[in-house]
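Student: If it helps, the file is called data.txt and holds compact mmCIF, N, CA and C atoms:
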# COMPACT_ATOMS: atom_id res chain seq x y z
N MET A 1 133.13 117.83 102.91
CA MET A 1 131.94 118.60 102.66
C MET A 1 131.95 119.89 103.46
N SER A 2 132.69 119.93 104.57
CA SER A 2 132.72 121.13 105.40
C SER A 2 133.52 122.25 104.73
N THR A 3 134.35 121.94 103.74
CA THR A 3 135.12 122.98 103.06
C THR A 3 134.32 123.67 101.97
N LEU A 4 133.15 123.15 101.64
CA LEU A 4 132.32 123.77 100.62
C LEU A 4 131.53 124.93 101.21
N THR A 5 131.29 125.92 100.39
CA THR A 5 130.46 127.03 100.83
C THR A 5 129.00 126.60 100.81
N ARG A 6 128.16 127.41 101.39
CA ARG A 6 126.72 127.08 101.42
C ARG A 6 126.16 126.98 100.00
N ARG A 7 126.58 127.88 99.14
CA ARG A 7 126.09 127.86 97.76
C ARG A 7 126.57 126.61 97.02
N GLN A 8 127.83 126.22 97.25
CA GLN A 8 128.36 125.02 96.61
C GLN A 8 127.64 123.77 97.10
N ARG A 9 127.35 123.72 98.41
CA ARG A 9 126.61 122.58 98.95
C ARG A 9 125.22 122.49 98.35
N ALA A 10 124.54 123.61 98.23
CA ALA A 10 123.21 123.62 97.63
C ALA A 10 123.26 123.15 96.18
N HIS A 11 124.27 123.59 95.45
CA HIS A 11 124.42 123.16 94.06
C HIS A 11 124.71 121.66 93.97
N LEU A 12 125.53 121.14 94.88
CA LEU A 12 125.84 119.72 94.91
C LEU A 12 124.59 118.88 95.21
N VAL A 13 123.81 119.33 96.18
CA VAL A 13 122.58 118.61 96.53
C VAL A 13 121.62 118.60 95.35
N GLN A 14 121.49 119.73 94.64
CA GLN A 14 120.61 119.79 93.47
C GLN A 14 121.10 118.86 92.37
N ALA A 15 122.41 118.75 92.19
CA ALA A 15 122.96 117.87 91.16
C ALA A 15 122.75 116.40 91.50
N LEU A 16 122.79 116.07 92.80
CA LEU A 16 122.65 114.67 93.21
C LEU A 16 121.20 114.26 93.45
N ARG A 17 120.29 115.20 93.51
CA ARG A 17 118.89 114.91 93.85
C ARG A 17 118.24 113.82 93.00
N PRO A 18 118.41 113.81 91.66
CA PRO A 18 117.77 112.74 90.87
C PRO A 18 118.22 111.33 91.26
N SER A 19 119.44 111.18 91.74
CA SER A 19 119.93 109.85 92.11
C SER A 19 119.40 109.40 93.47
N LEU A 20 118.75 110.29 94.21
CA LEU A 20 118.24 109.95 95.54
C LEU A 20 116.78 109.53 95.47
N GLY A 21 116.35 108.94 94.40
CA GLY A 21 114.95 108.63 94.20
C GLY A 21 114.56 107.23 94.59
N LEU A 22 113.80 106.61 93.71
CA LEU A 22 113.20 105.31 93.98
C LEU A 22 114.23 104.24 94.28
N ASP A 23 115.35 104.23 93.57
CA ASP A 23 116.37 103.19 93.81
C ASP A 23 116.88 103.23 95.24
N ARG A 24 117.11 104.42 95.76
CA ARG A 24 117.64 104.54 97.13
C ARG A 24 116.60 104.12 98.16
N VAL A 25 115.35 104.47 97.91
CA VAL A 25 114.29 104.08 98.84
C VAL A 25 114.13 102.56 98.85
N CYS A 26 114.07 101.96 97.67
CA CYS A 26 113.93 100.50 97.58
C CYS A 26 115.12 99.79 98.21
N GLU A 27 116.31 100.33 98.00
CA GLU A 27 117.50 99.73 98.60
C GLU A 27 117.46 99.81 100.12
N ALA A 28 116.98 100.92 100.63
CA ALA A 28 116.89 101.08 102.09
C ALA A 28 115.86 100.12 102.67
N ILE A 29 114.77 99.90 101.97
CA ILE A 29 113.72 99.01 102.47
C ILE A 29 114.17 97.55 102.38
N ASP A 30 114.64 97.13 101.22
CA ASP A 30 115.04 95.73 101.04
C ASP A 30 116.37 95.40 101.69
N GLY A 31 117.24 96.37 101.85
CA GLY A 31 118.55 96.12 102.43
C GLY A 31 118.54 96.11 103.94
N ALA A 32 117.38 96.25 104.54
CA ALA A 32 117.30 96.33 106.00
C ALA A 32 117.71 95.03 106.67
N ALA A 33 117.39 93.91 106.07
CA ALA A 33 117.73 92.62 106.67
C ALA A 33 117.91 91.59 105.56
N CYS A 34 118.72 90.58 105.83
CA CYS A 34 118.95 89.56 104.81
C CYS A 34 117.95 88.41 104.92
N LEU A 35 117.33 88.23 106.08
CA LEU A 35 116.34 87.16 106.24
C LEU A 35 114.97 87.63 105.75
N PRO A 36 114.18 86.72 105.17
CA PRO A 36 112.82 87.11 104.78
C PRO A 36 112.00 87.55 105.98
N PRO A 37 111.16 88.55 105.82
CA PRO A 37 110.37 89.03 106.95
C PRO A 37 109.25 88.04 107.29
N PRO A 38 108.71 88.11 108.50
CA PRO A 38 107.57 87.25 108.84
C PRO A 38 106.32 87.70 108.09
N CYS A 39 105.42 86.78 107.87
CA CYS A 39 104.17 87.08 107.17
C CYS A 39 103.32 88.03 108.00
N PRO A 40 102.85 89.14 107.44
CA PRO A 40 102.01 90.06 108.21
C PRO A 40 100.63 89.49 108.51
N ALA A 41 100.19 88.49 107.75
CA ALA A 41 98.85 87.92 107.96
C ALA A 41 98.84 86.88 109.08
N CYS A 42 99.76 85.90 108.99
CA CYS A 42 99.72 84.80 109.97
C CYS A 42 100.94 84.78 110.90
N LYS A 43 101.87 85.71 110.71
CA LYS A 43 103.08 85.84 111.53
C LYS A 43 104.05 84.66 111.40
N SER A 44 103.88 83.85 110.38
CA SER A 44 104.77 82.71 110.16
C SER A 44 106.14 83.21 109.68
N GLU A 45 107.19 82.53 110.10
CA GLU A 45 108.56 82.87 109.70
C GLU A 45 108.96 82.15 108.42
N ARG A 46 108.08 81.30 107.90
CA ARG A 46 108.40 80.49 106.73
C ARG A 46 107.93 81.18 105.45
N SER A 47 108.76 82.06 104.91
CA SER A 47 108.43 82.72 103.66
C SER A 47 109.62 82.61 102.72
N TYR A 48 109.37 82.80 101.44
CA TYR A 48 110.44 82.73 100.46
C TYR A 48 110.25 83.84 99.43
N ARG A 49 111.34 84.17 98.74
CA ARG A 49 111.28 85.23 97.73
C ARG A 49 110.38 84.78 96.59
N HIS A 50 109.57 85.73 96.10
CA HIS A 50 108.57 85.39 95.08
C HIS A 50 108.43 86.54 94.09
N GLY A 51 109.53 86.90 93.43
CA GLY A 51 109.49 87.95 92.42
C GLY A 51 109.64 89.35 93.00
N HIS A 52 109.26 90.34 92.19
CA HIS A 52 109.35 91.74 92.58
C HIS A 52 108.02 92.43 92.31
N SER A 53 107.74 93.45 93.09
CA SER A 53 106.54 94.25 92.91
C SER A 53 106.91 95.71 93.09
N ARG A 54 106.82 96.49 92.03
CA ARG A 54 107.12 97.93 92.06
C ARG A 54 108.49 98.22 92.63
N GLY A 55 109.47 97.40 92.26
CA GLY A 55 110.85 97.63 92.67
C GLY A 55 111.22 97.01 94.00
N LEU A 56 110.28 96.43 94.72
CA LEU A 56 110.56 95.80 96.01
C LEU A 56 110.50 94.28 95.88
N GLN A 57 111.31 93.61 96.68
CA GLN A 57 111.27 92.15 96.72
C GLN A 57 109.92 91.69 97.26
N ARG A 58 109.31 90.73 96.58
CA ARG A 58 108.04 90.19 97.02
C ARG A 58 108.31 88.83 97.67
N TYR A 59 107.52 88.47 98.68
CA TYR A 59 107.67 87.20 99.40
C TYR A 59 106.33 86.46 99.40
N ARG A 60 106.41 85.14 99.52
CA ARG A 60 105.21 84.32 99.65
C ARG A 60 105.35 83.48 100.92
N CYS A 61 104.28 83.44 101.71
CA CYS A 61 104.26 82.68 102.95
C CYS A 61 103.97 81.21 102.63
N ARG A 62 104.77 80.32 103.18
CA ARG A 62 104.53 78.88 102.97
C ARG A 62 103.34 78.38 103.78
N ALA A 63 103.01 79.04 104.86
CA ALA A 63 101.92 78.60 105.72
C ALA A 63 100.54 78.98 105.16
N CYS A 64 100.35 80.27 104.81
CA CYS A 64 99.03 80.70 104.37
C CYS A 64 98.97 81.00 102.87
N GLY A 65 100.12 81.10 102.19
CA GLY A 65 100.14 81.30 100.75
C GLY A 65 99.99 82.75 100.30
N LYS A 66 99.89 83.69 101.23
CA LYS A 66 99.74 85.09 100.85
C LYS A 66 101.09 85.68 100.47
N THR A 67 101.04 86.67 99.56
CA THR A 67 102.25 87.36 99.16
C THR A 67 102.31 88.72 99.83
N PHE A 68 103.54 89.22 100.03
CA PHE A 68 103.73 90.49 100.72
C PHE A 68 105.11 91.03 100.43
N THR A 69 105.33 92.31 100.77
CA THR A 69 106.64 92.94 100.70
C THR A 69 107.02 93.38 102.11
N ARG A 70 108.19 93.97 102.25
CA ARG A 70 108.61 94.46 103.57
C ARG A 70 107.73 95.60 104.06
N LEU A 71 107.02 96.28 103.16
CA LEU A 71 106.15 97.38 103.56
C LEU A 71 104.75 96.92 103.95
N SER A 72 104.39 95.70 103.62
CA SER A 72 103.05 95.20 103.95
C SER A 72 102.84 95.21 105.46
N GLY A 73 101.69 95.74 105.86
CA GLY A 73 101.37 95.79 107.28
C GLY A 73 102.03 96.93 108.03
N THR A 74 102.69 97.84 107.33
CA THR A 74 103.31 99.00 107.95
C THR A 74 102.55 100.26 107.55
N PRO A 75 102.78 101.37 108.23
CA PRO A 75 102.11 102.61 107.82
C PRO A 75 102.47 103.06 106.41
N LEU A 76 103.57 102.59 105.85
CA LEU A 76 103.97 103.00 104.51
C LEU A 76 103.37 102.14 103.41
N SER A 77 102.62 101.11 103.76
CA SER A 77 102.03 100.26 102.73
C SER A 77 100.98 101.05 101.95
N ARG A 78 100.94 100.81 100.66
CA ARG A 78 99.99 101.42 99.73
C ARG A 78 100.20 102.92 99.50
N LEU A 79 101.32 103.45 99.94
CA LEU A 79 101.66 104.83 99.59
C LEU A 79 102.38 104.82 98.26
N ARG A 80 102.03 105.73 97.38
CA ARG A 80 102.62 105.79 96.04
C ARG A 80 103.77 106.81 96.02
N GLN A 81 104.38 106.95 94.88
CA GLN A 81 105.44 107.92 94.61
C GLN A 81 106.60 107.80 95.58
N ARG A 82 107.12 106.58 95.73
CA ARG A 82 108.22 106.33 96.65
C ARG A 82 109.45 107.16 96.33
N ASP A 83 109.61 107.54 95.07
CA ASP A 83 110.80 108.31 94.69
C ASP A 83 110.81 109.70 95.32
N LYS A 84 109.68 110.17 95.84
CA LYS A 84 109.60 111.49 96.46
C LYS A 84 109.61 111.44 97.98
N TRP A 85 109.64 110.26 98.56
CA TRP A 85 109.57 110.12 100.02
C TRP A 85 110.75 110.78 100.72
N LEU A 86 111.96 110.58 100.22
CA LEU A 86 113.14 111.13 100.89
C LEU A 86 113.14 112.66 100.83
N ASP A 87 112.74 113.22 99.70
CA ASP A 87 112.65 114.68 99.61
C ASP A 87 111.61 115.21 100.58
N TYR A 88 110.49 114.51 100.67
CA TYR A 88 109.43 114.96 101.57
C TYR A 88 109.89 114.84 103.03
N LEU A 89 110.58 113.77 103.34
CA LEU A 89 111.09 113.60 104.70
C LEU A 89 112.07 114.71 105.06
N GLY A 90 112.87 115.13 104.10
CA GLY A 90 113.77 116.26 104.33
C GLY A 90 113.01 117.53 104.63
N GLN A 91 111.89 117.73 103.93
CA GLN A 91 111.06 118.90 104.20
C GLN A 91 110.46 118.83 105.60
N MET A 92 110.05 117.63 106.00
CA MET A 92 109.50 117.47 107.34
C MET A 92 110.55 117.77 108.40
N LEU A 93 111.77 117.29 108.20
CA LEU A 93 112.83 117.51 109.17
C LEU A 93 113.23 118.98 109.24
N ASP A 94 113.00 119.71 108.16
CA ASP A 94 113.26 121.15 108.15
C ASP A 94 112.08 121.94 108.70
N ALA A 95 111.06 121.25 109.21
CA ALA A 95 109.87 121.86 109.83
C ALA A 95 109.09 122.74 108.86
N LYS A 96 108.99 122.30 107.61
CA LYS A 96 108.18 123.02 106.62
C LYS A 96 106.72 122.65 106.81
N SER A 97 105.83 123.54 106.39
CA SER A 97 104.40 123.28 106.51
C SER A 97 103.97 122.22 105.51
N VAL A 98 102.75 121.72 105.68
CA VAL A 98 102.22 120.69 104.78
C VAL A 98 102.14 121.24 103.36
N ARG A 99 101.62 122.45 103.22
CA ARG A 99 101.48 123.04 101.87
C ARG A 99 102.83 123.34 101.23
N ARG A 100 103.75 123.89 101.99
CA ARG A 100 105.06 124.21 101.43
C ARG A 100 105.80 122.93 101.04
N SER A 101 105.69 121.89 101.85
CA SER A 101 106.31 120.60 101.53
C SER A 101 105.70 120.03 100.26
N ALA A 102 104.38 120.12 100.14
CA ALA A 102 103.69 119.61 98.95
C ALA A 102 104.15 120.34 97.70
N THR A 103 104.29 121.65 97.79
CA THR A 103 104.75 122.43 96.64
C THR A 103 106.18 122.07 96.27
N HIS A 104 107.04 121.93 97.25
CA HIS A 104 108.45 121.63 97.00
C HIS A 104 108.63 120.25 96.37
N VAL A 105 107.87 119.26 96.83
CA VAL A 105 108.03 117.88 96.36
C VAL A 105 107.15 117.61 95.13
N ASP A 106 106.24 118.53 94.83
CA ASP A 106 105.33 118.43 93.70
C ASP A 106 104.31 117.29 93.87
N VAL A 107 103.62 117.32 95.01
CA VAL A 107 102.48 116.44 95.25
C VAL A 107 101.31 117.30 95.73
N HIS A 108 100.12 116.75 95.73
CA HIS A 108 98.95 117.48 96.20
C HIS A 108 99.02 117.65 97.71
N ARG A 109 98.39 118.70 98.21
CA ARG A 109 98.46 118.96 99.66
C ARG A 109 97.80 117.88 100.48
N SER A 110 96.77 117.20 99.95
CA SER A 110 96.17 116.09 100.70
C SER A 110 97.13 114.90 100.77
N THR A 111 97.90 114.69 99.72
CA THR A 111 98.92 113.65 99.73
C THR A 111 99.99 114.00 100.76
N SER A 112 100.37 115.26 100.80
CA SER A 112 101.36 115.72 101.77
C SER A 112 100.86 115.49 103.20
N PHE A 113 99.61 115.79 103.45
CA PHE A 113 99.03 115.59 104.77
C PHE A 113 99.03 114.11 105.15
N ARG A 114 98.64 113.25 104.23
CA ARG A 114 98.59 111.80 104.48
C ARG A 114 100.00 111.26 104.74
N TRP A 115 100.97 111.67 103.91
CA TRP A 115 102.35 111.22 104.10
C TRP A 115 102.87 111.65 105.46
N ARG A 116 102.60 112.89 105.84
CA ARG A 116 103.10 113.38 107.13
C ARG A 116 102.60 112.52 108.27
N HIS A 117 101.33 112.18 108.25
CA HIS A 117 100.78 111.38 109.34
C HIS A 117 101.29 109.95 109.31
N ARG A 118 101.51 109.40 108.13
CA ARG A 118 102.07 108.04 108.05
C ARG A 118 103.51 108.03 108.54
N PHE A 119 104.30 109.01 108.14
CA PHE A 119 105.70 109.07 108.59
C PHE A 119 105.77 109.29 110.09
N LEU A 120 104.91 110.13 110.62
CA LEU A 120 104.90 110.36 112.06
C LEU A 120 104.45 109.13 112.83
N GLU A 121 103.57 108.33 112.22
CA GLU A 121 103.15 107.07 112.84
C GLU A 121 104.34 106.13 112.99
N LEU A 122 105.21 106.10 111.99
CA LEU A 122 106.43 105.28 112.09
C LEU A 122 107.35 105.79 113.18
N ALA A 123 107.51 107.10 113.27
CA ALA A 123 108.42 107.68 114.26
C ALA A 123 107.89 107.48 115.68
N ARG A 124 106.59 107.42 115.83
CA ARG A 124 106.01 107.26 117.15
C ARG A 124 106.40 105.92 117.78
N HIS A 125 106.53 104.89 116.96
CA HIS A 125 106.87 103.55 117.45
C HIS A 125 108.37 103.32 117.57
N ASP A 126 109.17 104.25 117.07
CA ASP A 126 110.62 104.11 117.10
C ASP A 126 111.19 104.85 118.30
N ARG A 127 110.96 104.31 119.47
CA ARG A 127 111.42 104.92 120.72
C ARG A 127 112.45 104.01 121.38
N PRO A 128 113.51 104.58 121.93
CA PRO A 128 114.50 103.74 122.63
C PRO A 128 113.90 103.19 123.93
N ALA A 129 114.33 102.02 124.32
CA ALA A 129 113.83 101.39 125.54
C ALA A 129 114.32 102.16 126.76
N ARG A 130 115.54 102.65 126.70
CA ARG A 130 116.07 103.43 127.81
C ARG A 130 117.04 104.47 127.28
N LEU A 131 117.23 105.52 128.03
CA LEU A 131 118.10 106.61 127.62
C LEU A 131 119.55 106.32 127.96
Is it possible to express this structure as structure tokens?
Tutor:
Amino acid sequence: MSTLTRRQRAHLVQALRPSLGLDRVCEAIDGAACLPPPCPACKSERSYRHGHSRGLQRYRCRACGKTFTRLSGTPLSRLRQRDKWLDYLGQMLDAKSVRRSATHVDVHRSTSFRWRHRFLELARHDRPARL
């Protein structure tokens, strides 16, 4: 990739952009671990796979009977348009404003503001224990 010019890299990224959508986000979320996650309601480790919901693996807790996904109980739960999350995250990493990011990703500016705060909430908890 280092032998490509800046223009060629930009063209390559534009050509690959459609494939970086919902499938990649769902794969990143579900591929994080092979064991079922603990129940966000009762913290029980006894859960089993129970179908799919919006492209994500759904689980059911054997203890309390509630269903959940890996996003349940996280700042990303109930956020829509998962296929645009990676593009928006790229805009955030490039230090773009809320409005400019919203225009680039094609979402409303209030959605952009909400996403930014949810993503930053995740980053706030991801701190190394020691340097």
Student: Could you tell me how far atom C of Gln81 of chain A sits from atom N of Pro40 of chain A, in Å to one decimal place?
Tutor: 22.4 Å
Student: Could you please give me, as a list in words, the residues of protein, DNA or RNA lying at most 5 Å from (106.1, 85.5, 104.6) in the coordinate frame of the file, considering all atoms listed in the file?
Tutor: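 Checked against the point, the hits come out as Pro37, Pro38, Cys39, Arg46, Ser47, Arg60 and Cys61 of chain A.
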Student: I'd like the box whose edges run along x, y and z of the file and which contains every listed atom of segment 67-72 of chain A, padded by 3 Å per side; could you state its centre and edge lengths in Å, one decimal, as AutoDock Vina command-line options?
Tutor:
--center_x 104.8 --center_y 92.0 --center_z 102.3 --size_x 13.6 --size_y 16.7 --size_z 12.3
Student: Using only N, CA and C atoms for the distances, tell me which of A:Thr69, A:Ser97, A:Thr74, A:Thr5 is nearest to Ser112 of chain A.
Tutor: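 Of A:Thr69, A:Ser97, A:Thr74, A:Thr5, the one nearest Ser112 of chain A is A:Ser97, counting only N, CA and C atoms.
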Student: Taking into account only C-alpha atoms, which residue in the set A:Leu76, A:Ala41, A:Leu93, A:Val107 is nearest to Arg62 of chain A?
Tutor: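 Closest candidate: A:Ala41.
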Student: Can you work out the spacing between atom CA of Arg70 of chain A and atom CA of Glu45 of chain A in Å, to one decimal?
Tutor: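 Interatomic distance here is 13.1 Å.
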Student: For a test of reading the model, state the distance in Å between atom C of His104 of chain A and atom N of Gly55 of chain A, rounded to one decimal.
Tutor: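 One can read the atom C of His104 of chain A to atom N of Gly55 of chain A distance as 23.2 Å.
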Student: Identify, on the basis of all atoms listed in the file, every residue whose closest approach to Arg99 of chain A does not exceed 8 Å; exclude the query and any residue fewer than 6 positions from it along the same chain; express the result as a list in words.
Tutor: Val105, His108, Arg109, Ser110, Ser112 and Phe113 of chain A
